[in-house]
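Single-structure report; data block below.
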Amino acid sequence: MTTFPKYIPQSDPPLPPWETLPTMYDLPSDNPEEPGLPDYFHFLQPLLLYLTFQPINWNPELVFSAADLNLYYDLQHPLWYKRPDWFGVVGVQKLYKGEDLRLSYVTWQEPANPFVVVELLSPGTEDEDLGNKQNTTDKPPSKWEVYERILRIPYYIVFSRYTNELRAFQLVGGHYEPMTLTDGRLIMPEINLSLGLWQGSFRDIERLWLRWFTLAGELIPEPAEEAAAANERAMIAEQEAEEAKRKAAQLAERLRQLGVNPDDLEELL
């Protein structure tokens, strides 16, 4: 005769999915065919560069910058491209031929090559970004080779959010040479700007950011900062006006106490 247990043992309750399933660190927004991590930082940091790239000695209508836009560079291989995290160009209209938003930046159809490129280091891209990776002859050149030898971009900046390390290179005699910081900034006199690290809040996120400054080291404000500064100036002006009214009222009252009618003084003036 078969006997049955009086109860069936229950296993422990299963753990919730946020404790057992992969996290964002296991599932980044990468493309297996194109190394790099287009995470939220890769959206915000180029945006700050875009908003503050305002060369003082150039007409704003002839300044263009973009993030994560295909950059085509080789006439012999017209389908080869690089995708800088951010790049800036001067002497180029914001719209392609003054008519259309760019779908890409095709250097042989543009009046100027980029003036400055910024790459944000990600796991898997450091060797190519810093020129440590040697490509074979049948494959496209590295970013370093393209920026230095083909497009001859004057300034190449590399920044790591993981180490907060800023490295910069300037084209000298056809080769990139490391740049030295001046008062903590990279000086670019051709556009009357400098580039440096800034500890502050951008889009309500406090961290160390890469952003543009004047040559003298003053921040180039982005629109939200300009609006906040304008509001602060308006508030100060209003407070000063109220203070002036209050002092005028006090003076008028004091004159009355002395037997002088303030209105009579206004008529004499």
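Labels used: A, B, ... for chains in the order of the structure tokens, numbers from 1 for residues in each chain, and numbers from 1 for ligands as shown.
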Counting only C-alpha atoms, what is within 12 Å of Asp85 of chain A, bar same-chain residues fewer than 5 positions away, as a PDB file with N, CA, C and O atoms, in the first residue's frame?
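Okay, result.pdb is ready:
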ATOM      1  N   GLY A  36      31.641  50.386 -28.814  1.00  0.00           N
ATOM      2  CA  GLY A  36      31.296  51.647 -28.162  1.00  0.00           C
ATOM      3  C   GLY A  36      30.061  51.477 -27.316  1.00  0.00           C
ATOM      4  O   GLY A  36      29.276  50.556 -27.509  1.00  0.00           O
ATOM      5  N   LEU A  37      29.896  52.385 -26.379  1.00  0.00           N
ATOM      6  CA  LEU A  37      28.760  52.308 -25.479  1.00  0.00           C
ATOM      7  C   LEU A  37      27.967  53.609 -25.547  1.00  0.00           C
ATOM      8  O   LEU A  37      28.274  54.565 -24.855  1.00  0.00           O
ATOM      9  N   PRO A  38      26.947  53.679 -26.394  1.00  0.00           N
ATOM     10  CA  PRO A  38      26.144  54.913 -26.495  1.00  0.00           C
ATOM     11  C   PRO A  38      25.198  55.053 -25.311  1.00  0.00           C
ATOM     12  O   PRO A  38      23.984  54.960 -25.451  1.00  0.00           O
ATOM     13  N   ASP A  39      25.758  55.266 -24.134  1.00  0.00           N
ATOM     14  CA  ASP A  39      24.961  55.364 -22.930  1.00  0.00           C
ATOM     15  C   ASP A  39      24.468  56.802 -22.742  1.00  0.00           C
ATOM     16  O   ASP A  39      24.642  57.655 -23.610  1.00  0.00           O
ATOM     17  N   PHE A  41      25.495  59.128 -20.778  1.00  0.00           N
ATOM     18  CA  PHE A  41      26.587  60.101 -20.773  1.00  0.00           C
ATOM     19  C   PHE A  41      26.967  60.488 -22.200  1.00  0.00           C
ATOM     20  O   PHE A  41      27.292  61.647 -22.471  1.00  0.00           O
ATOM     21  N   HIS A  42      26.914  59.526 -23.120  1.00  0.00           N
ATOM     22  CA  HIS A  42      27.239  59.801 -24.518  1.00  0.00           C
ATOM     23  C   HIS A  42      26.172  60.667 -25.193  1.00  0.00           C
ATOM     24  O   HIS A  42      26.383  61.135 -26.317  1.00  0.00           O
ATOM     25  N   PHE A  43      25.057  60.869 -24.527  1.00  0.00           N
ATOM     26  CA  PHE A  43      24.053  61.826 -25.004  1.00  0.00           C
ATOM     27  C   PHE A  43      24.281  63.202 -24.375  1.00  0.00           C
ATOM     28  O   PHE A  43      24.323  64.222 -25.071  1.00  0.00           O
ATOM     29  N   LEU A  44      24.474  63.240 -23.044  1.00  0.00           N
ATOM     30  CA  LEU A  44      24.563  64.512 -22.349  1.00  0.00           C
ATOM     31  C   LEU A  44      25.865  65.252 -22.625  1.00  0.00           C
ATOM     32  O   LEU A  44      25.852  66.469 -22.845  1.00  0.00           O
ATOM     33  N   GLN A  45      27.004  64.549 -22.594  1.00  0.00           N
ATOM     34  CA  GLN A  45      28.273  65.244 -22.773  1.00  0.00           C
ATOM     35  C   GLN A  45      28.390  65.901 -24.152  1.00  0.00           C
ATOM     36  O   GLN A  45      28.745  67.084 -24.247  1.00  0.00           O
ATOM     37  N   PRO A  46      28.086  65.207 -25.258  1.00  0.00           N
ATOM     38  CA  PRO A  46      28.108  65.906 -26.541  1.00  0.00           C
ATOM     39  C   PRO A  46      27.100  67.054 -26.612  1.00  0.00           C
ATOM     40  O   PRO A  46      27.348  68.056 -27.285  1.00  0.00           O
ATOM     41  N   LEU A  47      25.970  66.906 -25.932  1.00  0.00           N
ATOM     42  CA  LEU A  47      24.977  67.985 -25.930  1.00  0.00           C
ATOM     43  C   LEU A  47      25.554  69.242 -25.287  1.00  0.00           C
ATOM     44  O   LEU A  47      25.366  70.359 -25.803  1.00  0.00           O
ATOM     45  N   LEU A  49      28.719  70.057 -25.116  1.00  0.00           N
ATOM     46  CA  LEU A  49      29.706  70.594 -26.057  1.00  0.00           C
ATOM     47  C   LEU A  49      29.013  71.347 -27.188  1.00  0.00           C
ATOM     48  O   LEU A  49      29.443  72.423 -27.602  1.00  0.00           O
ATOM     49  N   TYR A  50      27.936  70.785 -27.683  1.00  0.00           N
ATOM     50  CA  TYR A  50      27.175  71.416 -28.773  1.00  0.00           C
ATOM     51  C   TYR A  50      26.621  72.776 -28.337  1.00  0.00           C
ATOM     52  O   TYR A  50      26.716  73.769 -29.062  1.00  0.00           O
ATOM     53  N   SER A  65      28.242  71.888 -35.605  1.00  0.00           N
ATOM     54  CA  SER A  65      28.760  70.792 -34.790  1.00  0.00           C
ATOM     55  C   SER A  65      27.710  69.697 -34.715  1.00  0.00           C
ATOM     56  O   SER A  65      26.514  69.949 -34.909  1.00  0.00           O
ATOM     57  N   ALA A  66      28.176  68.485 -34.450  1.00  0.00           N
ATOM     58  CA  ALA A  66      27.266  67.346 -34.437  1.00  0.00           C
ATOM     59  C   ALA A  66      27.813  66.251 -33.543  1.00  0.00           C
ATOM     60  O   ALA A  66      29.007  66.199 -33.248  1.00  0.00           O
ATOM     61  N   ALA A  67      26.924  65.374 -33.118  1.00  0.00           N
ATOM     62  CA  ALA A  67      27.297  64.225 -32.299  1.00  0.00           C
ATOM     63  C   ALA A  67      26.782  62.957 -32.954  1.00  0.00           C
ATOM     64  O   ALA A  67      25.653  62.924 -33.470  1.00  0.00           O
ATOM     65  N   ASP A  68      27.635  61.942 -32.958  1.00  0.00           N
ATOM     66  CA  ASP A  68      27.224  60.620 -33.441  1.00  0.00           C
ATOM     67  C   ASP A  68      26.715  60.671 -34.875  1.00  0.00           C
ATOM     68  O   ASP A  68      25.721  60.032 -35.217  1.00  0.00           O
ATOM     69  N   LEU A  69      27.381  61.455 -35.705  1.00  0.00           N
ATOM     70  CA  LEU A  69      27.006  61.596 -37.111  1.00  0.00           C
ATOM     71  C   LEU A  69      28.110  60.974 -37.968  1.00  0.00           C
ATOM     72  O   LEU A  69      29.292  61.223 -37.732  1.00  0.00           O
ATOM     73  N   ASN A  70      27.722  60.167 -38.942  1.00  0.00           N
ATOM     74  CA  ASN A  70      28.714  59.523 -39.807  1.00  0.00           C
ATOM     75  C   ASN A  70      29.563  60.569 -40.519  1.00  0.00           C
ATOM     76  O   ASN A  70      29.041  61.514 -41.115  1.00  0.00           O
ATOM     77  N   LEU A  71      30.870  60.362 -40.466  1.00  0.00           N
ATOM     78  CA  LEU A  71      31.837  61.262 -41.088  1.00  0.00           C
ATOM     79  C   LEU A  71      32.561  60.474 -42.187  1.00  0.00           C
ATOM     80  O   LEU A  71      33.381  59.603 -41.912  1.00  0.00           O
ATOM     81  N   VAL A 116      37.795  70.382 -34.754  1.00  0.00           N
ATOM     82  CA  VAL A 116      38.077  69.714 -33.489  1.00  0.00           C
ATOM     83  C   VAL A 116      37.154  68.510 -33.353  1.00  0.00           C
ATOM     84  O   VAL A 116      35.983  68.561 -33.735  1.00  0.00           O
ATOM     85  N   VAL A 117      37.710  67.414 -32.835  1.00  0.00           N
ATOM     86  CA  VAL A 117      36.951  66.187 -32.605  1.00  0.00           C
ATOM     87  C   VAL A 117      37.133  65.778 -31.155  1.00  0.00           C
ATOM     88  O   VAL A 117      38.231  65.872 -30.599  1.00  0.00           O
ATOM     89  N   VAL A 118      36.036  65.322 -30.527  1.00  0.00           N
ATOM     90  CA  VAL A 118      36.081  64.800 -29.170  1.00  0.00           C
ATOM     91  C   VAL A 118      35.582  63.359 -29.188  1.00  0.00           C
ATOM     92  O   VAL A 118      34.496  63.083 -29.714  1.00  0.00           O
ATOM     93  N   GLU A 119      36.384  62.459 -28.630  1.00  0.00           N
ATOM     94  CA  GLU A 119      35.974  61.071 -28.454  1.00  0.00           C
ATOM     95  C   GLU A 119      35.874  60.787 -26.964  1.00  0.00           C
ATOM     96  O   GLU A 119      36.759  61.159 -26.183  1.00  0.00           O
ATOM     97  N   LEU A 120      34.785  60.134 -26.558  1.00  0.00           N
ATOM     98  CA  LEU A 120      34.565  59.750 -25.172  1.00  0.00           C
ATOM     99  C   LEU A 120      34.902  58.272 -25.043  1.00  0.00           C
ATOM    100  O   LEU A 120      34.252  57.433 -25.662  1.00  0.00           O
ATOM    101  N   LEU A 121      35.919  57.974 -24.275  1.00  0.00           N
ATOM    102  CA  LEU A 121      36.416  56.606 -24.207  1.00  0.00           C
ATOM    103  C   LEU A 121      35.360  55.659 -23.645  1.00  0.00           C
ATOM    104  O   LEU A 121      34.666  55.979 -22.679  1.00  0.00           O
ATOM    105  N   SER A 122      35.271  54.505 -24.268  1.00  0.00           N
ATOM    106  CA  SER A 122      34.413  53.432 -23.815  1.00  0.00           C
ATOM    107  C   SER A 122      35.221  52.147 -23.811  1.00  0.00           C
ATOM    108  O   SER A 122      36.201  52.027 -24.549  1.00  0.00           O
ATOM    109  N   THR A 125      36.980  50.697 -27.157  1.00  0.00           N
ATOM    110  CA  THR A 125      37.315  51.685 -28.195  1.00  0.00           C
ATOM    111  C   THR A 125      38.623  52.409 -27.911  1.00  0.00           C
ATOM    112  O   THR A 125      39.097  53.157 -28.765  1.00  0.00           O
ATOM    113  N   ASP A 129      40.827  54.741 -30.501  1.00  0.00           N
ATOM    114  CA  ASP A 129      40.760  56.184 -30.257  1.00  0.00           C
ATOM    115  C   ASP A 129      42.133  56.792 -30.015  1.00  0.00           C
ATOM    116  O   ASP A 129      42.379  57.953 -30.383  1.00  0.00           O
ATOM    117  N   LYS A 143      40.468  55.565 -36.151  1.00  0.00           N
ATOM    118  CA  LYS A 143      40.052  56.965 -36.000  1.00  0.00           C
ATOM    119  C   LYS A 143      41.265  57.881 -35.928  1.00  0.00           C
ATOM    120  O   LYS A 143      41.289  58.943 -36.548  1.00  0.00           O
ATOM    121  N   TYR A 156      42.428  67.111 -31.508  1.00  0.00           N
ATOM    122  CA  TYR A 156      41.782  65.836 -31.212  1.00  0.00           C
ATOM    123  C   TYR A 156      41.789  65.654 -29.697  1.00  0.00           C
ATOM    124  O   TYR A 156      42.843  65.634 -29.070  1.00  0.00           O
ATOM    125  N   ILE A 157      40.587  65.536 -29.108  1.00  0.00           N
ATOM    126  CA  ILE A 157      40.426  65.476 -27.660  1.00  0.00           C
ATOM    127  C   ILE A 157      39.838  64.114 -27.274  1.00  0.00           C
ATOM    128  O   ILE A 157      38.905  63.634 -27.910  1.00  0.00           O
ATOM    129  N   VAL A 158      40.391  63.528 -26.227  1.00  0.00           N
ATOM    130  CA  VAL A 158      39.901  62.243 -25.725  1.00  0.00           C
ATOM    131  C   VAL A 158      39.625  62.403 -24.225  1.00  0.00           C
ATOM    132  O   VAL A 158      40.487  62.862 -23.474  1.00  0.00           O
ATOM    133  N   PHE A 159      38.417  62.015 -23.817  1.00  0.00           N
ATOM    134  CA  PHE A 159      38.015  62.169 -22.417  1.00  0.00           C
ATOM    135  C   PHE A 159      37.375  60.879 -21.922  1.00  0.00           C
ATOM    136  O   PHE A 159      36.550  60.279 -22.609  1.00  0.00           O
TER     137      PHE A 159
END
Query raised in the report: Between A:Gly98, A:Pro221, A:Pro78, A:Gly196, which has the minimum distance to Leu181 of chain A (counting only C-alpha atoms)?
Result: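 The shortest atom-to-atom distance to Leu181 of chain A comes from A:Gly196.
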Query - Contacts of Tyr73 of chain A at 10 Å (only C-alpha atoms; same-chain gap of 5+ positions) as a PyMOL selection string - result: chain A and resi 78-82+105-108+113+146-147+150-151
Report task. Point out the residue among A:Leu101, A:Met188, A:Leu197, A:Met179 with the least atom-to-atom distance to Glu165 of chain A, counting only C-alpha atoms. Result ->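 Among A:Leu101, A:Met188, A:Leu197, A:Met179, it is A:Leu197 that comes nearest to Glu165 of chain A.
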Report task. From segment 115-268 of chain A, collect each residue whose DSSP state is strand (DSSP E or B) and return the set as a PyMOL selection string. Result -> chain A and resi 116-120+155-159+166-172+175-178+182+185-188+193-202+205-214+219
**Report entry** Using only C-alpha atoms: which of A:Phe213, A:Tyr176, A:Phe169, A:Tyr162 has the shortest distance to Glu148 of chain A
**Finding:**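 Of the candidates, the smallest distance to Glu148 of chain A is held by A:Tyr176.
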**Report entry** Pairwise distance for atom CA of Asn59 of chain A and atom CA of Arg149 of chain A, rounded to one decimal in Å
**Finding:**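 Answer for the atom CA of Asn59 of chain A to atom CA of Arg149 of chain A separation: 28.5 Å.
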Query raised in the report: So how many Å separate atom CA of Thr180 of chain A and atom CA of Pro114 of chain A, to one decimal?
Result: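 Pair atom CA of Thr180 of chain A / atom CA of Pro114 of chain A returns 21.3 Å.
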Query raised in the report: Which residue, A:Ile220, A:Leu171, A:Leu255, A:Ile153, has the smallest gap to Phe87 of chain A when you use only C-alpha atoms?
Result: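 For Phe87 of chain A, the nearest of the candidates is A:Ile153.
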Report task. Select, from A:Ser142, A:Leu251, A:Asn57, A:Glu110, the residue with the minimum atom-to-atom distance to Pro84 of chain A, counting only C-alpha atoms. Result ->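 Result for the nearest residue to Pro84 of chain A: A:Ser142.
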Requested in this report: Figure out the distance between atom CA of Ala216 of chain A and atom CA of Glu190 of chain A, please, to one decimal in Å.
Outcome: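 These atoms are spaced 14.0 Å apart.
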Report task. Please give the complete set of residues from segment 90-218 of chain A that DSSP, run on the backbone, assigns to alpha helix (DSSP H), formatted as a VMD selection string. Result -> chain A and resid 126 to 129 143 to 145
